[in-house]
>>> print(open('coords.txt').read())   # compact mmCIF, C-alpha atoms
# COMPACT_ATOMS: atom_id res chain seq x y z
CA MET A 1 104.76 107.31 106.02
CA LYS A 2 103.05 108.20 102.74
CA GLU A 3 106.30 108.07 100.77
CA GLU A 4 107.16 104.69 102.23
CA ARG A 5 103.64 103.44 101.47
CA LYS A 6 103.99 104.56 97.85
CA LYS A 7 107.31 102.73 97.61
CA HIS A 8 105.77 99.48 98.93
CA LEU A 9 102.75 99.81 96.63
CA LEU A 10 104.93 100.45 93.59
CA ASN A 11 107.13 97.50 94.50
CA LEU A 12 104.10 95.21 94.78
CA ALA A 13 102.64 96.52 91.52
CA LEU A 14 105.91 95.83 89.71
CA TRP A 15 106.18 92.27 91.03
CA THR A 16 102.49 91.62 90.27
CA TRP A 17 102.80 92.84 86.68
CA SER A 18 105.98 90.87 86.09
CA TRP A 19 104.32 87.78 87.61
CA VAL A 20 101.37 88.17 85.21
CA ALA A 21 103.80 88.65 82.33
CA THR A 22 105.91 85.59 83.22
CA LEU A 23 102.71 83.55 83.69
CA ALA A 24 101.57 84.55 80.20
CA ILE A 25 104.99 83.66 78.78
CA ALA A 26 105.01 80.28 80.57
CA THR A 27 101.44 79.58 79.37
CA PHE A 28 101.69 80.61 75.72
CA GLY A 29 105.46 80.38 75.13
CA PRO A 30 105.68 76.59 74.60
CA LYS A 31 103.06 76.74 71.82
CA PHE A 32 103.67 80.11 70.17
CA ILE A 33 107.31 81.09 70.84
CA TRP A 34 109.68 78.16 71.42
CA ASP A 35 107.78 75.20 70.02
CA ASP A 36 107.58 72.97 73.13
CA HIS A 37 111.28 73.10 74.00
CA THR A 38 111.39 71.37 77.43
CA VAL A 39 114.35 73.32 78.86
CA LEU A 40 112.82 76.68 77.92
CA THR A 41 109.42 75.66 79.24
CA THR A 42 110.96 74.53 82.57
CA PHE A 43 112.93 77.80 82.76
CA ALA A 44 109.77 79.85 82.07
CA ILE A 45 107.81 77.99 84.75
CA LEU A 46 110.62 78.34 87.32
CA THR A 47 110.95 82.06 86.53
CA ASN A 48 107.23 82.48 87.07
CA LEU A 49 107.37 80.53 90.34
CA ILE A 50 110.27 82.61 91.72
CA ASN A 51 108.52 85.77 90.55
CA GLY A 52 105.40 84.65 92.45
CA VAL A 53 107.37 84.15 95.67
CA LEU A 54 108.89 87.63 95.32
CA MET A 55 105.41 89.06 94.74
CA ILE A 56 104.22 87.44 97.99
CA LEU A 57 107.21 88.90 99.87
CA ALA A 58 106.42 92.37 98.46
CA ASN A 59 102.81 91.95 99.60
CA ARG A 60 104.03 90.92 103.07
CA LYS A 61 106.18 94.05 103.30
CA LEU A 62 103.18 96.20 102.37
CA PHE A 63 100.99 94.37 104.90
CA ASN A 64 103.56 94.95 107.66
CA HIS A 65 103.56 98.64 106.79
CA TYR A 66 99.79 98.93 107.36
CA ASP A 67 98.66 100.50 110.60
CA GLU A 68 96.48 98.64 113.11
CA LEU A 69 93.09 99.54 111.59
CA GLU A 70 94.23 98.78 108.05
CA ARG A 71 95.52 95.38 109.22
CA LYS A 72 92.22 94.64 110.96
CA ILE A 73 90.29 95.55 107.81
CA HIS A 74 92.51 93.37 105.62
CA LEU A 75 92.51 90.46 108.08
CA GLU A 76 88.71 90.44 108.32
CA SER A 77 88.46 90.58 104.53
CA LEU A 78 91.01 87.78 104.13
CA ALA A 79 89.22 85.61 106.70
CA LEU A 80 85.90 86.02 104.89
CA THR A 81 87.53 85.43 101.51
CA LEU A 82 89.26 82.27 102.73
CA GLY A 83 86.07 80.87 104.26
CA LEU A 84 83.95 81.65 101.22
CA THR A 85 86.59 80.27 98.84
CA VAL A 86 86.76 76.92 100.67
CA ILE A 87 82.97 76.57 100.75
CA VAL A 88 82.25 77.84 97.23
CA GLY A 89 85.31 76.08 95.79
CA LEU A 90 84.31 72.67 97.15
CA THR A 91 80.69 73.14 96.08
CA TYR A 92 81.86 74.17 92.61
CA SER A 93 84.10 71.10 92.40
CA LEU A 94 81.25 68.87 93.59
CA THR A 95 78.86 70.20 90.95
CA ASP A 96 81.47 69.17 88.35
CA GLN A 97 81.94 65.71 89.88
CA VAL A 98 78.21 64.93 89.90
CA ASN A 99 77.82 66.48 86.42
CA LEU A 100 75.47 69.25 87.47
CA ILE A 101 77.39 71.71 85.29
CA PRO A 102 77.95 71.06 81.58
CA PHE A 103 81.64 72.14 81.70
CA ASP A 104 84.81 71.34 83.70
CA ALA A 105 85.39 73.24 86.97
CA GLU A 106 88.26 75.56 86.05
CA ILE A 107 90.69 76.97 88.64
CA GLY A 108 90.52 80.34 86.83
CA ILE A 109 86.90 80.76 87.93
CA LEU A 110 87.96 80.23 91.55
CA VAL A 111 90.81 82.76 91.24
CA GLY A 112 88.32 85.27 89.83
CA PHE A 113 85.95 84.51 92.71
CA ILE A 114 88.76 85.06 95.25
CA SER A 115 89.67 88.44 93.72
CA LEU A 116 86.07 89.60 93.56
CA THR A 117 85.27 88.45 97.11
CA TYR A 118 88.38 90.11 98.53
CA MET A 119 87.60 93.39 96.76
CA ILE A 120 83.96 93.41 97.90
CA THR A 121 84.73 92.49 101.53
CA LEU A 122 87.51 95.11 101.57
CA LEU A 123 85.11 97.80 100.33
CA ILE A 124 82.46 96.80 102.90
CA ASN A 125 84.97 96.75 105.78
CA ARG A 126 86.46 100.12 104.76
CA LYS A 127 82.96 101.60 104.70
CA ARG A 128 82.25 100.14 108.15
CA TYR A 129 85.21 101.95 109.71
CA SER A 130 84.98 105.24 107.78
CA MET B 131 85.03 102.74 123.82
CA LYS B 132 84.11 106.36 124.48
CA ASN B 133 86.93 108.86 124.05
CA ARG B 134 87.83 112.54 123.96
CA VAL B 135 90.39 112.34 121.17
CA ARG B 136 88.59 114.80 118.85
CA GLU B 137 88.23 117.33 121.67
CA LEU B 138 91.90 117.09 122.72
CA ARG B 139 93.10 117.16 119.12
CA LYS B 140 91.19 120.38 118.49
CA LEU B 141 92.53 121.86 121.74
CA LYS B 142 96.04 121.18 120.41
CA GLY B 143 95.04 122.83 117.12
CA LEU B 144 95.81 119.74 115.07
CA THR B 145 94.07 118.34 112.01
CA GLN B 146 93.35 114.62 111.76
CA GLU B 147 96.11 114.40 109.17
CA GLN B 148 98.64 116.04 111.50
CA LEU B 149 97.68 113.86 114.46
CA ALA B 150 97.93 110.78 112.24
CA GLU B 151 101.41 111.85 111.15
CA PHE B 152 102.53 112.36 114.79
CA ILE B 153 101.17 109.00 115.91
CA GLY B 154 102.29 107.09 112.82
CA VAL B 155 98.88 105.87 111.64
CA SER B 156 96.58 106.80 108.74
CA ARG B 157 94.06 109.66 108.84
CA GLN B 158 91.27 107.07 108.44
CA THR B 159 92.43 105.41 111.66
CA ILE B 160 92.24 108.70 113.59
CA ASN B 161 88.78 109.29 112.12
CA ALA B 162 87.62 105.78 113.16
CA ILE B 163 88.98 106.31 116.69
CA GLU B 164 87.25 109.69 117.02
CA LYS B 165 83.97 108.21 115.81
CA GLU B 166 84.43 105.43 118.40
CA LYS B 167 84.27 102.75 115.71
CA PHE B 168 87.75 101.46 116.50
CA ASP B 169 89.74 101.13 119.73
CA PRO B 170 93.46 101.77 119.22
CA SER B 171 96.30 99.56 120.40
CA LEU B 172 98.17 100.30 123.62
CA PRO B 173 101.24 101.78 121.82
CA THR B 174 98.98 104.18 119.87
CA ALA B 175 97.15 105.17 123.05
CA PHE B 176 100.49 105.84 124.78
CA LYS B 177 101.69 107.98 121.88
CA MET B 178 98.48 110.03 122.13
CA SER B 179 98.92 110.28 125.87
CA LYS B 180 102.41 111.70 125.37
CA LEU B 181 101.24 114.15 122.73
CA PHE B 182 98.19 115.36 124.68
CA ASP B 183 100.22 115.32 127.91
CA LYS B 184 97.45 113.48 129.73
CA PRO B 185 97.11 109.96 131.17
CA ILE B 186 95.30 107.49 128.89
CA GLU B 187 92.31 107.14 131.23
CA ASP B 188 91.67 110.89 130.83
CA PHE B 189 90.66 110.50 127.22
CA PHE B 190 89.73 106.81 126.84
CA LEU B 191 86.74 106.07 129.03
CA PHE B 192 86.47 102.38 129.82
CA GLU B 193 82.93 101.10 130.33
CA GLU B 194 82.47 97.78 132.12
CA LYS B 195 80.01 95.67 130.15
CA TYR B 196 79.62 92.82 132.61
>>> encode(input="coords.txt", output="structure tokens")
Amino acid sequence: MKEERKKHLLNLALWTWSWVATLAIATFGPKFIWDDHTVLTTFAILTNLINGVLMILANRKLFNHYDELERKIHLESLALTLGLTVIVGLTYSLTDQVNLIPFDAEIGILVGFISLTYMITLLINRKRYS
Amino acid sequence: MKNRVRELRKLKGLTQEQLAEFIGVSRQTINAIEKEKFDPSLPTAFKMSKLFDKPIEDFFLFEEKY
């Protein structure tokens, strides 16, 4: 079980890192590497998109390898993260629309919020069942 | 749900890690079951029943709440 878990974790880590790398290439490539070449930019974006799908499939495989308690912990954390993201995300967007914040509401902030919320709720849930 | 998993595991001379390996779950799951913080699924309960050689109701004690 442990060996298989390691294999799934490594697989997910590899797809995640390559997704981050292809995202960086697709973001900065047009300006710094290939001087806004449309075909290369489209190729970089498609590569990143396909990489993202493969990362999700690797995550699904890992999730299906979890035992019943681990799944419960992750599901509770995901449910809380989803709920909080919808509420906080819409409030954040609203504050931008009514000009309560002096900057544009960036999606990056929301992604950071999702990561942080998921990590915190995961830690709390793990503690609850330990 | 109250249970006698820790008692039966010790009678069998198994560690939490070994029981987890037999059942196919993590050690944390066995620990949570023994501390009565988590009720296992039916397949897990049946695997324990087979290992301990006892019917499920001998070590999982159902308490009616209503």
>>> closest_atom_pairs(input="coords.txt", of="chain B", to="chain A", cutoff="8 Å", atoms="all atoms listed in the file", output="tab-separated table")
residue	atom	partner	partner_atom	distance
B:Glu151	CA	A:Met1	CA	7.6
B:Gly154	CA	A:Met1	CA	7.2
B:Val155	CA	A:Asp67	CA	5.5
B:Ser156	CA	A:Asp67	CA	6.9
B:Gln158	CA	A:Ser130	CA	6.6
B:Thr159	CA	A:Leu69	CA	5.9
B:Asn161	CA	A:Ser130	CA	7.0
B:Ala162	CA	A:Tyr129	CA	5.7
B:Lys167	CA	A:Tyr129	CA	6.1
B:Phe168	CA	A:Tyr129	CA	7.3
B:Pro170	CA	A:Glu68	CA	7.5
B:Ser171	CA	A:Glu68	CA	7.4
>>> closest_residue(input="coords.txt", among="A:Thr85, A:Thr91, A:Ser77, A:Thr22", to="Phe43 in chain A", atoms="all atoms listed in the file")
A:Thr22
>>> residues_around(input="coords.txt", residues="Leu149 in chain B", least_positions_apart="6", cutoff="10 Å", atoms="only C-alpha atoms", output="count of residues only")
9
>>> atom_distance(input="coords.txt", atom1="CA of Leu62 in chain A", atom2="CA of Asn48 in chain A")
20.9 Å
>>> residues_near_point(input="coords.txt", point="(92.8, 107.8, 126.8)", cutoff="9 Å", atoms="all atoms listed in the file", output="list in words")
Asn133, Arg134, Val135, Ala175, Phe176, Met178, Ser179, Lys184, Pro185, Ile186, Glu187, Asp188, Phe189, Phe190, Leu191 and Phe192 of chain B
>>> atom_distance(input="coords.txt", atom1="CA of Leu40 in chain A", atom2="CA of Ile25 in chain A")
10.5 Å
>>> atom_distance(input="coords.txt", atom1="CA of His8 in chain A", atom2="CA of Gly83 in chain A")
27.6 Å
>>> residues_around(input="coords.txt", residues="Leu49 in chain A", least_positions_apart="4", cutoff="10 Å", atoms="all atoms listed in the file", output="list in words")
Trp19, Thr22, Leu23, Phe43, Ala44, Ile45, Val53, Leu54 and Met55 of chain A
>>> closest_residue(input="coords.txt", among="B:Met131, B:Leu144, B:Leu138, B:Ile153", to="Pro173 in chain B", atoms="only C-alpha atoms")
B:Ile153
>>> axis_aligned_box(input="coords.txt", around="range 75-89 of chain A", padding_each_side="5 Å", output="JSON")
{"center_x": 87.4, "center_y": 83.3, "center_z": 102.1, "size_x": 20.3, "size_y": 24.5, "size_z": 22.5}
>>> residues_around(input="coords.txt", residues="Leu10 in chain A", least_positions_apart="6", cutoff="10 Å", atoms="only C-alpha atoms", output="ChimeraX atom specification")
/A:4,16,58,62
>>> write_last_selection(input="coords.txt", atoms="C-alpha atoms", output="mmCIF file, keeping the file's coordinate frame")
data_model
loop_
_atom_site.group_PDB
_atom_site.id
_atom_site.type_symbol
_atom_site.label_atom_id
_atom_site.label_comp_id
_atom_site.auth_asym_id
_atom_site.auth_seq_id
_atom_site.Cartn_x
_atom_site.Cartn_y
_atom_site.Cartn_z
ATOM 1 C CA GLU A 4 107.160 104.690 102.230
ATOM 2 C CA THR A 16 102.490 91.620 90.270
ATOM 3 C CA ALA A 58 106.420 92.370 98.460
ATOM 4 C CA LEU A 62 103.180 96.200 102.370
#
>>> closest_residue(input="coords.txt", among="A:Tyr118, A:Phe113, A:Phe28, A:Trp15", to="Thr41 in chain A", atoms="only C-alpha atoms")
A:Phe28
>>> build_atoms(input="coords.txt", residues="range 92-123 of chain A", atoms="N, CA and C atoms", output="PDB file, keeping the file's coordinate frame")
ATOM      1  N   TYR A  92      81.620  74.062  94.054  1.00  0.00           N
ATOM      2  CA  TYR A  92      81.860  74.170  92.610  1.00  0.00           C
ATOM      3  C   TYR A  92      82.472  72.876  92.067  1.00  0.00           C
ATOM      4  N   SER A  93      83.448  72.338  92.806  1.00  0.00           N
ATOM      5  CA  SER A  93      84.100  71.100  92.400  1.00  0.00           C
ATOM      6  C   SER A  93      83.104  69.931  92.427  1.00  0.00           C
ATOM      7  N   LEU A  94      82.249  69.933  93.449  1.00  0.00           N
ATOM      8  CA  LEU A  94      81.250  68.870  93.590  1.00  0.00           C
ATOM      9  C   LEU A  94      80.241  68.891  92.440  1.00  0.00           C
ATOM     10  N   THR A  95      79.838  70.102  92.052  1.00  0.00           N
ATOM     11  CA  THR A  95      78.860  70.200  90.950  1.00  0.00           C
ATOM     12  C   THR A  95      79.465  69.629  89.656  1.00  0.00           C
ATOM     13  N   ASP A  96      80.792  69.743  89.525  1.00  0.00           N
ATOM     14  CA  ASP A  96      81.470  69.170  88.350  1.00  0.00           C
ATOM     15  C   ASP A  96      81.507  67.643  88.468  1.00  0.00           C
ATOM     16  N   GLN A  97      81.839  67.166  89.674  1.00  0.00           N
ATOM     17  CA  GLN A  97      81.940  65.710  89.880  1.00  0.00           C
ATOM     18  C   GLN A  97      80.618  64.977  89.643  1.00  0.00           C
ATOM     19  N   VAL A  98      79.521  65.599  90.066  1.00  0.00           N
ATOM     20  CA  VAL A  98      78.210  64.930  89.900  1.00  0.00           C
ATOM     21  C   VAL A  98      77.517  65.369  88.596  1.00  0.00           C
ATOM     22  N   ASN A  99      78.295  66.042  87.741  1.00  0.00           N
ATOM     23  CA  ASN A  99      77.820  66.480  86.420  1.00  0.00           C
ATOM     24  C   ASN A  99      76.595  67.398  86.448  1.00  0.00           C
ATOM     25  N   LEU A 100      76.572  68.285  87.425  1.00  0.00           N
ATOM     26  CA  LEU A 100      75.470  69.250  87.470  1.00  0.00           C
ATOM     27  C   LEU A 100      75.747  70.442  86.560  1.00  0.00           C
ATOM     28  N   ILE A 101      77.036  70.633  86.228  1.00  0.00           N
ATOM     29  CA  ILE A 101      77.390  71.710  85.290  1.00  0.00           C
ATOM     30  C   ILE A 101      77.924  71.075  84.002  1.00  0.00           C
ATOM     31  N   PRO A 102      77.582  71.686  82.864  1.00  0.00           N
ATOM     32  CA  PRO A 102      77.950  71.060  81.580  1.00  0.00           C
ATOM     33  C   PRO A 102      79.403  71.304  81.150  1.00  0.00           C
ATOM     34  N   PHE A 103      80.237  71.863  82.041  1.00  0.00           N
ATOM     35  CA  PHE A 103      81.640  72.140  81.700  1.00  0.00           C
ATOM     36  C   PHE A 103      82.539  71.722  82.869  1.00  0.00           C
ATOM     37  N   ASP A 104      83.872  71.703  82.633  1.00  0.00           N
ATOM     38  CA  ASP A 104      84.810  71.340  83.700  1.00  0.00           C
ATOM     39  C   ASP A 104      84.995  72.514  84.675  1.00  0.00           C
ATOM     40  N   ALA A 105      85.134  72.196  85.961  1.00  0.00           N
ATOM     41  CA  ALA A 105      85.390  73.240  86.970  1.00  0.00           C
ATOM     42  C   ALA A 105      86.825  73.749  86.782  1.00  0.00           C
ATOM     43  N   GLU A 106      86.937  74.987  86.325  1.00  0.00           N
ATOM     44  CA  GLU A 106      88.260  75.560  86.050  1.00  0.00           C
ATOM     45  C   GLU A 106      88.766  76.357  87.245  1.00  0.00           C
ATOM     46  N   ILE A 107      90.078  76.248  87.511  1.00  0.00           N
ATOM     47  CA  ILE A 107      90.690  76.970  88.640  1.00  0.00           C
ATOM     48  C   ILE A 107      90.600  78.485  88.428  1.00  0.00           C
ATOM     49  N   GLY A 108      90.586  78.910  87.150  1.00  0.00           N
ATOM     50  CA  GLY A 108      90.520  80.340  86.830  1.00  0.00           C
ATOM     51  C   GLY A 108      89.271  81.003  87.409  1.00  0.00           C
ATOM     52  N   ILE A 109      88.173  80.246  87.396  1.00  0.00           N
ATOM     53  CA  ILE A 109      86.900  80.760  87.930  1.00  0.00           C
ATOM     54  C   ILE A 109      87.079  81.038  89.430  1.00  0.00           C
ATOM     55  N   LEU A 110      87.753  80.106  90.108  1.00  0.00           N
ATOM     56  CA  LEU A 110      87.960  80.230  91.550  1.00  0.00           C
ATOM     57  C   LEU A 110      88.870  81.431  91.869  1.00  0.00           C
ATOM     58  N   VAL A 111      89.903  81.618  91.051  1.00  0.00           N
ATOM     59  CA  VAL A 111      90.810  82.760  91.240  1.00  0.00           C
ATOM     60  C   VAL A 111      90.033  84.070  91.068  1.00  0.00           C
ATOM     61  N   GLY A 112      89.174  84.101  90.054  1.00  0.00           N
ATOM     62  CA  GLY A 112      88.320  85.270  89.830  1.00  0.00           C
ATOM     63  C   GLY A 112      87.402  85.512  91.017  1.00  0.00           C
ATOM     64  N   PHE A 113      86.846  84.416  91.547  1.00  0.00           N
ATOM     65  CA  PHE A 113      85.950  84.510  92.710  1.00  0.00           C
ATOM     66  C   PHE A 113      86.704  85.071  93.920  1.00  0.00           C
ATOM     67  N   ILE A 114      87.941  84.586  94.122  1.00  0.00           N
ATOM     68  CA  ILE A 114      88.760  85.060  95.250  1.00  0.00           C
ATOM     69  C   ILE A 114      88.986  86.584  95.123  1.00  0.00           C
ATOM     70  N   SER A 115      89.383  87.015  93.937  1.00  0.00           N
ATOM     71  CA  SER A 115      89.670  88.440  93.720  1.00  0.00           C
ATOM     72  C   SER A 115      88.436  89.294  93.986  1.00  0.00           C
ATOM     73  N   LEU A 116      87.322  88.844  93.427  1.00  0.00           N
ATOM     74  CA  LEU A 116      86.070  89.600  93.560  1.00  0.00           C
ATOM     75  C   LEU A 116      85.619  89.659  95.030  1.00  0.00           C
ATOM     76  N   THR A 117      85.693  88.509  95.708  1.00  0.00           N
ATOM     77  CA  THR A 117      85.270  88.450  97.110  1.00  0.00           C
ATOM     78  C   THR A 117      86.143  89.353  97.979  1.00  0.00           C
ATOM     79  N   TYR A 118      87.457  89.291  97.726  1.00  0.00           N
ATOM     80  CA  TYR A 118      88.380  90.110  98.530  1.00  0.00           C
ATOM     81  C   TYR A 118      88.106  91.600  98.312  1.00  0.00           C
ATOM     82  N   MET A 119      87.875  91.983  97.057  1.00  0.00           N
ATOM     83  CA  MET A 119      87.600  93.390  96.760  1.00  0.00           C
ATOM     84  C   MET A 119      86.310  93.859  97.432  1.00  0.00           C
ATOM     85  N   ILE A 120      85.257  93.029  97.333  1.00  0.00           N
ATOM     86  CA  ILE A 120      83.960  93.410  97.900  1.00  0.00           C
ATOM     87  C   ILE A 120      84.038  93.500  99.428  1.00  0.00           C
ATOM     88  N   THR A 121      84.651  92.474 100.065  1.00  0.00           N
ATOM     89  CA  THR A 121      84.730  92.490 101.530  1.00  0.00           C
ATOM     90  C   THR A 121      85.612  93.644 102.025  1.00  0.00           C
ATOM     91  N   LEU A 122      86.638  93.975 101.230  1.00  0.00           N
ATOM     92  CA  LEU A 122      87.510  95.110 101.570  1.00  0.00           C
ATOM     93  C   LEU A 122      86.720  96.419 101.519  1.00  0.00           C
ATOM     94  N   LEU A 123      85.918  96.574 100.471  1.00  0.00           N
ATOM     95  CA  LEU A 123      85.110  97.800 100.330  1.00  0.00           C
ATOM     96  C   LEU A 123      84.099  97.917 101.479  1.00  0.00           C
TER      97      LEU A 123
END
